[in-house]
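**Q** target-v9.cif is reproduced below (mmCIF, C-alpha atoms).
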data_start
loop_
_atom_site.label_atom_id
_atom_site.label_comp_id
_atom_site.auth_asym_id
_atom_site.auth_seq_id
_atom_site.Cartn_x
_atom_site.Cartn_y
_atom_site.Cartn_z
CA MET X 1 30.57 63.41 -71.84
CA ASN X 2 27.56 65.07 -73.46
CA ARG X 3 26.29 61.70 -74.64
CA GLU X 4 26.60 60.26 -71.14
CA ARG X 5 24.83 63.28 -69.70
CA MET X 6 22.02 62.91 -72.22
CA ILE X 7 21.61 59.22 -71.36
CA TRP X 8 21.38 59.88 -67.63
CA THR X 9 19.04 62.81 -68.20
CA GLY X 10 16.79 60.59 -70.26
CA LEU X 11 16.82 57.90 -67.60
CA LEU X 12 15.91 60.46 -64.92
CA VAL X 13 13.07 61.81 -67.05
CA VAL X 14 11.70 58.32 -67.70
CA ALA X 15 11.96 57.43 -64.01
CA GLY X 16 10.24 60.68 -63.05
CA LEU X 17 7.40 60.09 -65.49
CA TRP X 18 7.02 56.52 -64.26
CA LEU X 19 6.84 57.70 -60.65
CA LEU X 20 4.34 60.42 -61.54
CA GLY X 21 2.13 58.01 -63.46
CA ARG X 22 2.26 55.40 -60.73
CA ALA X 23 1.47 57.99 -58.07
CA LEU X 24 -1.55 59.20 -60.06
CA TRP X 25 -2.93 55.77 -60.98
CA VAL X 26 -1.91 53.59 -58.01
CA GLY X 27 -1.50 56.22 -55.31
CA ASN X 28 1.80 54.89 -53.99
CA GLY X 29 3.67 56.84 -51.36
CA VAL X 30 0.55 58.16 -49.64
CA VAL X 31 0.51 58.12 -45.84
CA TYR X 32 -2.88 57.71 -44.18
CA VAL X 33 -3.86 58.84 -40.69
CA GLN X 34 -6.84 58.53 -38.39
CA ASP X 35 -8.23 61.20 -36.10
CA LEU X 36 -8.96 59.66 -32.70
CA GLY X 37 -10.29 62.58 -30.75
CA ASP X 38 -7.42 64.97 -30.13
CA VAL X 39 -4.81 62.44 -31.29
CA THR X 40 -3.80 61.68 -34.88
CA VAL X 41 -2.35 58.21 -35.44
CA SER X 42 -0.89 56.48 -38.49
CA SER X 43 -3.15 54.19 -40.48
CA ASP X 44 -3.00 52.08 -43.64
CA ALA X 45 -4.74 51.83 -46.98
CA TRP X 46 -7.29 49.31 -45.69
CA GLU X 47 -8.72 51.97 -43.39
CA ALA X 48 -8.82 54.38 -46.33
CA VAL X 49 -11.03 51.91 -48.25
CA THR X 50 -13.54 51.93 -45.41
CA GLU X 51 -13.28 55.74 -45.28
CA THR X 52 -12.07 55.71 -41.67
CA ALA X 53 -8.66 57.16 -42.57
CA ARG X 54 -7.58 60.15 -44.61
CA PRO X 55 -4.35 60.97 -46.46
CA SER X 56 -1.92 63.26 -44.67
CA ILE X 57 -0.28 65.85 -46.91
CA PHE X 58 2.60 66.61 -44.56
CA ARG X 59 3.45 62.98 -43.77
CA THR X 60 3.20 62.07 -47.44
CA ALA X 61 5.57 64.91 -48.34
CA GLY X 62 7.95 63.73 -45.62
CA LEU X 63 7.91 60.18 -46.99
CA TRP X 64 8.66 61.38 -50.53
CA LEU X 65 11.48 63.58 -49.26
CA ALA X 66 12.95 60.64 -47.35
CA ALA X 67 12.78 58.45 -50.45
CA LEU X 68 14.34 61.07 -52.73
CA PHE X 69 17.12 61.79 -50.24
CA THR X 70 17.79 58.04 -49.99
CA LEU X 71 18.15 57.83 -53.77
CA ALA X 72 20.38 60.90 -53.71
CA ILE X 73 22.71 59.19 -51.23
CA PHE X 74 22.68 55.99 -53.30
CA SER X 75 23.66 58.03 -56.36
CA PHE X 76 27.20 58.30 -54.93
CA LEU X 77 27.65 54.65 -55.95
CA TYR X 78 27.84 55.96 -59.52
CA ARG X 79 30.02 58.98 -58.81
CA ASP X 80 30.06 62.26 -56.91
CA ASN X 81 27.20 64.49 -58.08
CA PRO X 82 25.19 67.56 -56.95
CA PHE X 83 22.28 65.44 -55.68
CA TYR X 84 24.56 63.57 -53.30
CA LYS X 85 26.21 66.80 -52.12
CA ILE X 86 22.84 68.38 -51.37
CA ALA X 87 21.65 65.33 -49.43
CA GLU X 88 24.95 65.12 -47.55
CA ALA X 89 24.82 68.79 -46.57
CA VAL X 90 21.21 68.46 -45.41
CA VAL X 91 21.98 65.38 -43.29
CA VAL X 92 25.01 67.01 -41.67
CA GLY X 93 23.20 70.30 -41.06
CA VAL X 94 20.05 68.73 -39.64
CA SER X 95 22.09 66.39 -37.41
CA ALA X 96 24.20 69.26 -36.06
CA ALA X 97 21.12 71.40 -35.39
CA TYR X 98 19.29 68.51 -33.72
CA TRP X 99 22.14 67.68 -31.35
CA MET X 100 22.64 71.36 -30.59
CA VAL X 101 18.99 71.67 -29.52
CA VAL X 102 19.23 68.44 -27.51
CA GLY X 103 22.39 69.71 -25.82
CA VAL X 104 20.76 73.00 -24.88
CA TRP X 105 17.53 71.56 -23.48
CA ALA X 106 18.90 68.34 -22.00
CA THR X 107 22.17 69.68 -20.55
CA MET X 108 22.47 73.44 -20.37
CA VAL X 109 18.95 74.38 -19.28
CA PRO X 110 18.43 71.81 -16.46
CA ASN X 111 22.05 71.33 -15.35
CA LEU X 112 23.40 74.88 -15.64
CA PHE X 113 20.71 77.54 -15.80
CA GLY X 114 18.37 75.39 -13.70
CA LYS X 115 20.97 75.38 -10.92
CA LEU X 116 21.79 79.08 -11.14
CA PHE X 117 18.23 80.38 -11.62
CA PRO X 118 15.88 77.55 -10.55
CA ALA X 119 12.77 79.70 -10.02
CA THR X 120 13.10 81.42 -13.40
CA ILE X 121 13.70 78.17 -15.29
CA LYS X 122 10.79 76.51 -13.48
CA ALA X 123 8.39 79.29 -14.48
CA TRP X 124 9.74 79.54 -18.02
CA ALA X 125 10.57 76.08 -19.32
CA MET X 126 10.60 73.26 -16.74
CA PRO X 127 7.57 73.14 -14.41
CA GLY X 128 8.87 70.00 -12.69
CA LEU X 129 12.09 71.69 -11.58
CA SER X 130 12.53 72.49 -7.91
CA PRO X 131 12.58 76.27 -7.30
CA VAL X 132 14.88 75.90 -4.27
CA ARG X 133 18.42 77.04 -5.00
CA ASP X 134 21.28 74.84 -3.82
CA PRO X 135 23.63 76.54 -1.29
CA PHE X 136 26.60 75.77 -3.52
CA SER X 137 24.90 76.76 -6.77
CA TRP X 138 27.50 79.50 -7.29
CA LEU X 139 29.97 76.75 -8.21
CA TYR X 140 28.09 76.36 -11.49
CA LEU X 141 29.55 79.70 -12.53
CA VAL X 142 32.79 77.83 -13.21
CA PRO X 143 31.39 75.74 -16.11
CA LEU X 144 29.53 78.82 -17.35
CA VAL X 145 32.79 80.79 -17.55
CA LEU X 146 34.59 77.84 -19.16
CA GLY X 147 31.84 77.55 -21.75
CA ILE X 148 32.10 81.25 -22.59
CA LEU X 149 35.88 80.93 -22.89
CA LEU X 150 35.42 77.96 -25.21
CA MET X 151 33.31 80.15 -27.50
CA MET X 152 36.27 82.50 -27.82
CA ARG X 153 37.57 80.06 -30.40
CA LEU X 154 35.26 81.83 -32.85
CA ALA X 155 36.65 85.29 -32.06
CA PRO X 156 39.27 86.82 -34.38
CA LYS X 157 41.38 87.73 -31.35
CA GLY X 158 41.62 85.93 -28.05
CA GLN X 159 41.47 82.40 -29.48
CA TRP X 160 44.12 81.38 -26.97
CA LEU X 161 41.51 81.72 -24.22
CA ALA X 162 39.74 78.64 -25.63
CA ARG X 163 42.76 76.48 -24.84
CA TRP X 164 42.04 76.52 -21.10
CA PRO X 165 38.54 74.99 -21.19
CA LEU X 166 39.60 72.67 -24.02
CA ALA X 167 42.50 71.37 -21.93
CA PHE X 168 40.15 70.95 -18.95
CA ILE X 169 37.65 68.99 -21.06
CA ILE X 170 40.30 66.72 -22.59
CA GLY X 171 41.99 66.09 -19.25
CA THR X 172 38.85 65.27 -17.29
CA THR X 173 37.42 63.16 -20.11
CA ALA X 174 40.66 61.19 -20.42
CA GLY X 175 40.76 60.58 -16.66
CA ILE X 176 37.13 59.50 -16.41
CA ARG X 177 37.35 57.26 -19.48
CA LEU X 178 40.61 55.72 -18.24
CA VAL X 179 39.05 54.66 -14.95
CA GLY X 180 35.98 53.35 -16.77
CA PHE X 181 38.13 51.48 -19.29
CA ILE X 182 40.21 49.85 -16.55
CA HIS X 183 37.12 48.59 -14.73
CA ALA X 184 34.94 47.71 -17.73
CA ASP X 185 37.50 46.33 -20.19
CA PHE X 186 40.91 45.64 -18.69
CA LEU X 187 39.96 44.05 -15.35
CA SER X 188 36.87 42.33 -16.74
CA GLN X 189 38.91 40.75 -19.55
CA ILE X 190 41.50 39.50 -17.07
CA ASN X 191 38.71 38.06 -14.92
CA SER X 192 37.15 36.37 -17.96
CA THR X 193 40.51 34.85 -18.92
CA VAL X 194 41.16 33.20 -15.54
CA LEU X 195 39.37 29.94 -16.35
CA PRO X 196 39.82 26.35 -15.18
CA LEU X 197 41.61 24.23 -17.77
CA VAL X 198 39.35 21.31 -16.87
CA ALA X 199 35.66 22.23 -16.82
CA MET X 200 33.19 20.25 -14.72
CA GLU X 201 29.41 20.18 -15.10
CA SER X 202 27.37 18.69 -12.25
CA GLY X 203 30.43 16.74 -11.04
CA ARG X 204 31.16 15.35 -14.51
CA PHE X 205 33.84 16.15 -17.01
CA ASP X 206 32.61 18.74 -19.54
CA LEU X 207 34.46 18.22 -22.83
CA ALA X 208 32.92 21.23 -24.65
CA GLY X 209 33.57 23.58 -21.73
CA THR X 210 37.15 22.32 -21.38
CA LEU X 211 37.87 22.88 -25.08
CA GLY X 212 36.35 26.36 -24.90
CA ASN X 213 38.45 27.31 -21.88
CA LEU X 214 41.60 25.95 -23.48
CA ILE X 215 40.97 27.95 -26.66
CA VAL X 216 40.44 31.15 -24.67
CA VAL X 217 43.56 30.71 -22.53
CA ILE X 218 45.80 29.59 -25.40
CA GLY X 219 44.49 32.39 -27.63
CA VAL X 220 45.16 35.07 -24.99
CA PHE X 221 48.71 33.87 -24.35
CA ALA X 222 49.42 33.50 -28.08
CA CYS X 223 48.22 37.05 -28.82
CA LEU X 224 50.21 38.45 -25.90
CA THR X 225 53.29 36.64 -27.18
CA TYR X 226 52.85 38.19 -30.62
CA PHE X 227 52.93 41.68 -29.07
CA PHE X 228 55.93 40.84 -26.84
CA PHE X 229 58.89 42.29 -28.74
CA SER X 230 61.60 41.95 -26.08
CA ILE X 231 62.41 38.45 -27.37
CA GLU X 232 63.09 37.66 -31.01
CA HIS X 233 60.26 35.68 -32.56
CA LYS X 234 62.16 32.49 -33.32
CA GLY X 235 61.70 28.89 -32.32
CA VAL X 236 58.91 28.25 -29.84
CA VAL X 237 58.24 31.96 -29.33
CA GLY X 238 57.94 32.45 -33.11
CA GLY X 239 55.51 29.53 -33.40
CA VAL X 240 53.35 30.82 -30.56
CA SER X 241 53.37 34.33 -32.05
CA ARG X 242 52.27 32.95 -35.43
CA LEU X 243 49.43 31.16 -33.65
CA GLY X 244 48.56 34.52 -32.12
CA ILE X 245 48.35 35.99 -35.64
CA TRP X 246 45.76 33.33 -36.52
CA PHE X 247 43.70 34.19 -33.45
CA LEU X 248 43.94 37.91 -34.27
CA MET X 249 42.91 37.42 -37.89
CA ILE X 250 39.94 35.26 -36.89
CA THR X 251 38.87 37.89 -34.35
CA PHE X 252 39.22 40.77 -36.81
CA GLY X 253 37.41 38.82 -39.51
CA ALA X 254 34.52 37.97 -37.19
CA ALA X 255 34.27 41.59 -36.02
CA PHE X 256 34.35 42.86 -39.60
CA GLY X 257 31.75 40.32 -40.68
CA TYR X 258 29.51 41.33 -37.79
CA THR X 259 29.84 44.98 -38.82
CA VAL X 260 29.10 44.17 -42.46
CA MET X 261 26.02 42.17 -41.49
CA GLY X 262 24.79 45.12 -39.46
CA ARG X 263 25.23 47.44 -42.43
CA ILE X 264 23.52 44.95 -44.74
CA ALA X 265 20.57 44.85 -42.33
CA LEU X 266 20.37 48.67 -42.50
CA LEU X 267 20.51 48.49 -46.32
CA ALA X 268 17.74 45.88 -46.37
CA ILE X 269 15.57 48.08 -44.15
CA ARG X 270 16.14 51.05 -46.45
CA LEU X 271 15.33 49.03 -49.57
CA GLU X 272 12.18 47.73 -47.89
CA PHE X 273 11.20 51.34 -47.20
CA LEU X 274 11.66 52.23 -50.87
CA PHE X 275 9.83 49.23 -52.31
CA ASP X 276 7.11 48.96 -49.67
CA ASP X 277 6.31 52.33 -48.12
CA TRP X 278 7.16 54.45 -51.15
CA LEU X 279 6.69 52.50 -54.40
CA TRP X 280 4.15 49.92 -53.14
CA LEU X 281 5.85 47.21 -55.20
CA ILE X 282 5.80 44.80 -52.26
CA ASP X 283 3.44 44.41 -49.32
CA PRO X 284 4.99 42.02 -46.76
CA THR X 285 2.64 43.04 -43.93
CA GLY X 286 -0.58 43.13 -45.96
CA ALA X 287 -1.18 46.79 -45.14
CA ARG X 288 -2.84 47.56 -48.51
CA PRO X 289 -5.69 45.97 -50.47
CA PRO X 290 -4.77 44.16 -53.73
CA MET X 291 -4.23 46.54 -56.62
#
Here is a file; write its structure as structure tokens.
**A**
Amino acid sequence: MNRERMIWTGLLVVAGLWLLGRALWVGNGVVYVQDLGDVTVSSDAWEAVTETARPSIFRTAGLWLAALFTLAIFSFLYRDNPFYKIAEAVVVGVSAAYWMVVGVWATMVPNLFGKLFPATIKAWAMPGLSPVRDPFSWLYLVPLVLGILLMMRLAPKGQWLARWPLAFIIGTTAGIRLVGFIHADFLSQINSTVLPLVAMESGRFDLAGTLGNLIVVIGVFACLTYFFFSIEHKGVVGGVSRLGIWFLMITFGAAFGYTVMGRIALLAIRLEFLFDDWLWLIDPTGARPPM
């Protein structure tokens, strides 16, 4: 264990020295900006050569922090370690704080306090808000009271009061999502399944369209047969249900492959950030002069 720790410590020291030397000699990881009047915009190293751009200390520090946090997250591929835990805690904490601020300013201030006290909110935070109070603005006291009761979950006593707004939230959300699901998914899928078995294109027989419609209709009925458990899956029913398994596996495989490709694209973008923006080992856009 000590030998392994010494090896990894040595590798980290060598990598740190290499990064320090490259930063001093090459200048990688520096972010340049231009001052255009009252606006500061991002620039590249070409503008720095012509002395029309200057390095930004804060943006450079942000880029290095982003790169180091990315490496800290990647370190979990080896095993759980303090660097990964620190990066994970920072990501979770920053995300929670960000969405809390967004929730306050995008939901509570305009939709709650802006309805109860429109003139005060207009003068304090939202100049574009109408100062005229709605005649039924007192109804917004109901969500205010429910929100306060929901916070009682944090109180040592009286936690049972939080059950009422929680039940209201779950019930209304389930009802709204159910209606939306029926219209957007259930009915639309039924509508998309009702297809002609013989497709025609400009008055002529369309072989590709016919095969596509047949595959859709047969696949839907085969999958429904697989999930129909009132009849034992033997004979014709068993054969159709096994065909449904094939359709299901192809669908799940395609969905999983699509998800994996999306994650690989995110990984490629992150690696490009490390090798291009941070280390300057590649330059696909020609943003820097030859070293």
**Q** Interatomic distance between atom CA of X:Ala67 and atom CA of X:Ala48?
**A**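 Taking atom CA of X:Ala67 as the start and atom CA of X:Ala48 as the end point, the length is 22.4 Å.
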**Q** If you measure from atom CA of X:Asp44 to atom CA of X:Val31, what distance in Å do you get, rounded to one decimal?
**A**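 Those two atoms sit 7.3 Å apart.
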**Q** Let me have the centre and edge lengths of the axis-aligned box enclosing all listed atoms of stretch 49-67 of chain X with 5 Å padding on every side, in Å to one decimal, as JSON.
**A**
{"center_x": -0.3, "center_y": 59.3, "center_z": -46.1, "size_x": 36.5, "size_y": 24.7, "size_z": 18.9}
**Q** What's the 12 Å shell around X:Ala61, counting all atoms listed in the file, without same-chain residues fewer than 3 positions away, as a PyMOL selection string?
**A** chain X and resi 29-32+55-58+64-68+278
**Q** For the residues in that selection, give me C-alpha atoms as an mmCIF file, keeping the file's coordinate frame.
**A**
data_model
loop_
_atom_site.group_PDB
_atom_site.id
_atom_site.type_symbol
_atom_site.label_atom_id
_atom_site.label_comp_id
_atom_site.auth_asym_id
_atom_site.auth_seq_id
_atom_site.Cartn_x
_atom_site.Cartn_y
_atom_site.Cartn_z
ATOM 1 C CA GLY X 29 3.670 56.840 -51.360
ATOM 2 C CA VAL X 30 0.550 58.160 -49.640
ATOM 3 C CA VAL X 31 0.510 58.120 -45.840
ATOM 4 C CA TYR X 32 -2.880 57.710 -44.180
ATOM 5 C CA PRO X 55 -4.350 60.970 -46.460
ATOM 6 C CA SER X 56 -1.920 63.260 -44.670
ATOM 7 C CA ILE X 57 -0.280 65.850 -46.910
ATOM 8 C CA PHE X 58 2.600 66.610 -44.560
ATOM 9 C CA TRP X 64 8.660 61.380 -50.530
ATOM 10 C CA LEU X 65 11.480 63.580 -49.260
ATOM 11 C CA ALA X 66 12.950 60.640 -47.350
ATOM 12 C CA ALA X 67 12.780 58.450 -50.450
ATOM 13 C CA LEU X 68 14.340 61.070 -52.730
ATOM 14 C CA TRP X 278 7.160 54.450 -51.150
#
**Q** What does the distance from atom CA of X:Thr210 to atom CA of X:Leu197 come to in Å, to one decimal?
**A** 6.0 Å
**Q** With all atoms listed in the file as the counted atoms, please give the residues lying no more than 10 Å from X:Ala287, apart from itself and same-chain residues fewer than 6 positions off, as a list in words.
**A** Ser43, Asp44, Ala45, Trp46, Glu47, Asp276 and Asp277 of chain X
**Q** I would like the residues chosen by the PyMOL selection byres ((chain X and resi 117) around 12) on the shown file; could you give them as a list in words?
**A**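 So the PyMOL selection byres ((chain X and resi 117) around 12), applied here, picks out Met108, Val109, Pro110, Asn111, Leu112, Phe113, Gly114, Lys115, Leu116, Pro118, Ala119, Thr120, Ile121, Lys122, Ala123, Trp124, Ala125, Met126, Leu129, Ser130, Pro131, Val132, Arg133, Asp134, Ser137, Trp138, Tyr140 and Leu141 of chain X.
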**Q** Name the closest residue to X:Asn28 among the candidates X:Ile86, X:Ala254, X:Leu178, X:Leu63; distances are taken between atoms, counting all atoms listed in the file.
**A**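 Comparing X:Ile86, X:Ala254, X:Leu178, X:Leu63 against X:Asn28, the winner is X:Leu63.
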**Q** Decode the PyMOL selection byres ((chain X and resi 19) around 12) for the given file into explicit residues and return them as an NGL selection string.
**A** :X and (12-18 or 20-29 or 64 or 67-68 or 278-281)
**Q** Just want the 8 Å neighbourhood of X:Val198, counted on only C-alpha atoms, with same-chain residues fewer than 6 positions away dropped. Output as a PyMOL selection string.
**A** chain X and resi 205-206+209-210+213
**Q** Evaluate the PyMOL selection byres ((chain X and resi 248) around 12) against this structure - the residues, as a PyMOL selection string, please.
**A** chain X and resi 219-227+241-247+249-255
**Q** Counting only C-alpha atoms, which of X:Gln189, X:Ser202, X:Val237, X:Lys85 gets nearest to X:Val217?
**A** X:Gln189
**Q** Complete the atoms of stretch 70-105 of chain X to N, CA and C atoms and put them out as an mmCIF file, in the coordinates of the input.
**A**
data_model
loop_
_atom_site.group_PDB
_atom_site.id
_atom_site.type_symbol
_atom_site.label_atom_id
_atom_site.label_comp_id
_atom_site.auth_asym_id
_atom_site.auth_seq_id
_atom_site.Cartn_x
_atom_site.Cartn_y
_atom_site.Cartn_z
ATOM 1 N N THR X 70 17.142 59.357 -49.979
ATOM 2 C CA THR X 70 17.790 58.040 -49.990
ATOM 3 C C THR X 70 18.374 57.745 -51.360
ATOM 4 N N LEU X 71 17.624 58.027 -52.406
ATOM 5 C CA LEU X 71 18.150 57.830 -53.770
ATOM 6 C C LEU X 71 19.317 58.757 -54.041
ATOM 7 N N ALA X 72 19.269 59.970 -53.506
ATOM 8 C CA ALA X 72 20.380 60.900 -53.710
ATOM 9 C C ALA X 72 21.651 60.382 -53.052
ATOM 10 N N ILE X 73 21.537 59.778 -51.872
ATOM 11 C CA ILE X 73 22.710 59.190 -51.230
ATOM 12 C C ILE X 73 23.197 57.980 -52.015
ATOM 13 N N PHE X 74 22.286 57.149 -52.501
ATOM 14 C CA PHE X 74 22.680 55.990 -53.300
ATOM 15 C C PHE X 74 23.361 56.396 -54.605
ATOM 16 N N SER X 75 23.070 57.595 -55.089
ATOM 17 C CA SER X 75 23.660 58.030 -56.360
ATOM 18 C C SER X 75 25.183 58.163 -56.281
ATOM 19 N N PHE X 76 25.738 58.224 -55.067
ATOM 20 C CA PHE X 76 27.200 58.300 -54.930
ATOM 21 C C PHE X 76 27.856 57.001 -55.384
ATOM 22 N N LEU X 77 27.095 55.900 -55.447
ATOM 23 C CA LEU X 77 27.650 54.650 -55.950
ATOM 24 C C LEU X 77 28.075 54.785 -57.404
ATOM 25 N N TYR X 78 27.441 55.701 -58.135
ATOM 26 C CA TYR X 78 27.840 55.960 -59.520
ATOM 27 C C TYR X 78 29.048 56.878 -59.541
ATOM 28 N N ARG X 79 28.915 58.048 -58.977
ATOM 29 C CA ARG X 79 30.020 58.980 -58.810
ATOM 30 C C ARG X 79 29.505 60.193 -58.027
ATOM 31 N N ASP X 80 30.438 61.051 -57.628
ATOM 32 C CA ASP X 80 30.060 62.260 -56.910
ATOM 33 C C ASP X 80 29.218 63.161 -57.815
ATOM 34 N N ASN X 81 28.128 63.707 -57.272
ATOM 35 C CA ASN X 81 27.200 64.490 -58.080
ATOM 36 C C ASN X 81 26.510 65.512 -57.185
ATOM 37 N N PRO X 82 25.860 66.520 -57.766
ATOM 38 C CA PRO X 82 25.190 67.560 -56.950
ATOM 39 C C PRO X 82 24.086 67.027 -56.059
ATOM 40 N N PHE X 83 23.364 65.980 -56.501
ATOM 41 C CA PHE X 83 22.280 65.440 -55.680
ATOM 42 C C PHE X 83 22.835 64.855 -54.382
ATOM 43 N N TYR X 84 23.939 64.131 -54.495
ATOM 44 C CA TYR X 84 24.560 63.570 -53.300
ATOM 45 C C TYR X 84 25.075 64.674 -52.380
ATOM 46 N N LYS X 85 25.676 65.707 -52.937
ATOM 47 C CA LYS X 85 26.210 66.800 -52.120
ATOM 48 C C LYS X 85 25.107 67.523 -51.367
ATOM 49 N N ILE X 86 23.966 67.722 -52.038
ATOM 50 C CA ILE X 86 22.840 68.380 -51.370
ATOM 51 C C ILE X 86 22.329 67.526 -50.222
ATOM 52 N N ALA X 87 22.143 66.220 -50.488
ATOM 53 C CA ALA X 87 21.650 65.330 -49.430
ATOM 54 C C ALA X 87 22.643 65.240 -48.278
ATOM 55 N N GLU X 88 23.930 65.184 -48.597
ATOM 56 C CA GLU X 88 24.950 65.120 -47.550
ATOM 57 C C GLU X 88 24.936 66.373 -46.684
ATOM 58 N N ALA X 89 24.843 67.538 -47.325
ATOM 59 C CA ALA X 89 24.820 68.790 -46.570
ATOM 60 C C ALA X 89 23.578 68.883 -45.689
ATOM 61 N N VAL X 90 22.440 68.420 -46.196
ATOM 62 C CA VAL X 90 21.210 68.460 -45.410
ATOM 63 C C VAL X 90 21.315 67.543 -44.200
ATOM 64 N N VAL X 91 21.838 66.334 -44.400
ATOM 65 C CA VAL X 91 21.980 65.380 -43.290
ATOM 66 C C VAL X 91 22.909 65.931 -42.213
ATOM 67 N N VAL X 92 24.051 66.475 -42.636
ATOM 68 C CA VAL X 92 25.010 67.010 -41.670
ATOM 69 C C VAL X 92 24.413 68.217 -40.941
ATOM 70 N N GLY X 93 23.775 69.109 -41.684
ATOM 71 C CA GLY X 93 23.200 70.300 -41.060
ATOM 72 C C GLY X 93 22.074 69.978 -40.103
ATOM 73 N N VAL X 94 21.171 69.095 -40.509
ATOM 74 C CA VAL X 94 20.050 68.730 -39.640
ATOM 75 C C VAL X 94 20.559 68.001 -38.394
ATOM 76 N N SER X 95 21.541 67.115 -38.559
ATOM 77 C CA SER X 95 22.090 66.390 -37.410
ATOM 78 C C SER X 95 22.749 67.351 -36.426
ATOM 79 N N ALA X 96 23.538 68.293 -36.949
ATOM 80 C CA ALA X 96 24.200 69.260 -36.060
ATOM 81 C C ALA X 96 23.171 70.115 -35.325
ATOM 82 N N ALA X 97 22.149 70.580 -36.038
ATOM 83 C CA ALA X 97 21.120 71.400 -35.390
ATOM 84 C C ALA X 97 20.345 70.595 -34.356
ATOM 85 N N TYR X 98 20.043 69.352 -34.670
ATOM 86 C CA TYR X 98 19.290 68.510 -33.720
ATOM 87 C C TYR X 98 20.064 68.308 -32.431
ATOM 88 N N TRP X 99 21.348 67.941 -32.552
ATOM 89 C CA TRP X 99 22.140 67.680 -31.350
ATOM 90 C C TRP X 99 22.431 68.968 -30.589
ATOM 91 N N MET X 100 22.477 70.090 -31.292
ATOM 92 C CA MET X 100 22.640 71.360 -30.590
ATOM 93 C C MET X 100 21.414 71.648 -29.723
ATOM 94 N N VAL X 101 20.220 71.448 -30.282
ATOM 95 C CA VAL X 101 18.990 71.670 -29.520
ATOM 96 C C VAL X 101 18.906 70.697 -28.345
ATOM 97 N N VAL X 102 19.248 69.427 -28.591
ATOM 98 C CA VAL X 102 19.230 68.440 -27.510
ATOM 99 C C VAL X 102 20.218 68.833 -26.414
ATOM 100 N N GLY X 103 21.403 69.291 -26.815
ATOM 101 C CA GLY X 103 22.390 69.710 -25.820
ATOM 102 C C GLY X 103 21.913 70.887 -24.989
ATOM 103 N N VAL X 104 21.239 71.837 -25.621
ATOM 104 C CA VAL X 104 20.760 73.000 -24.880
ATOM 105 C C VAL X 104 19.683 72.611 -23.882
ATOM 106 N N TRP X 105 18.676 71.839 -24.341
ATOM 107 C CA TRP X 105 17.530 71.560 -23.480
ATOM 108 C C TRP X 105 17.759 70.395 -22.534
#
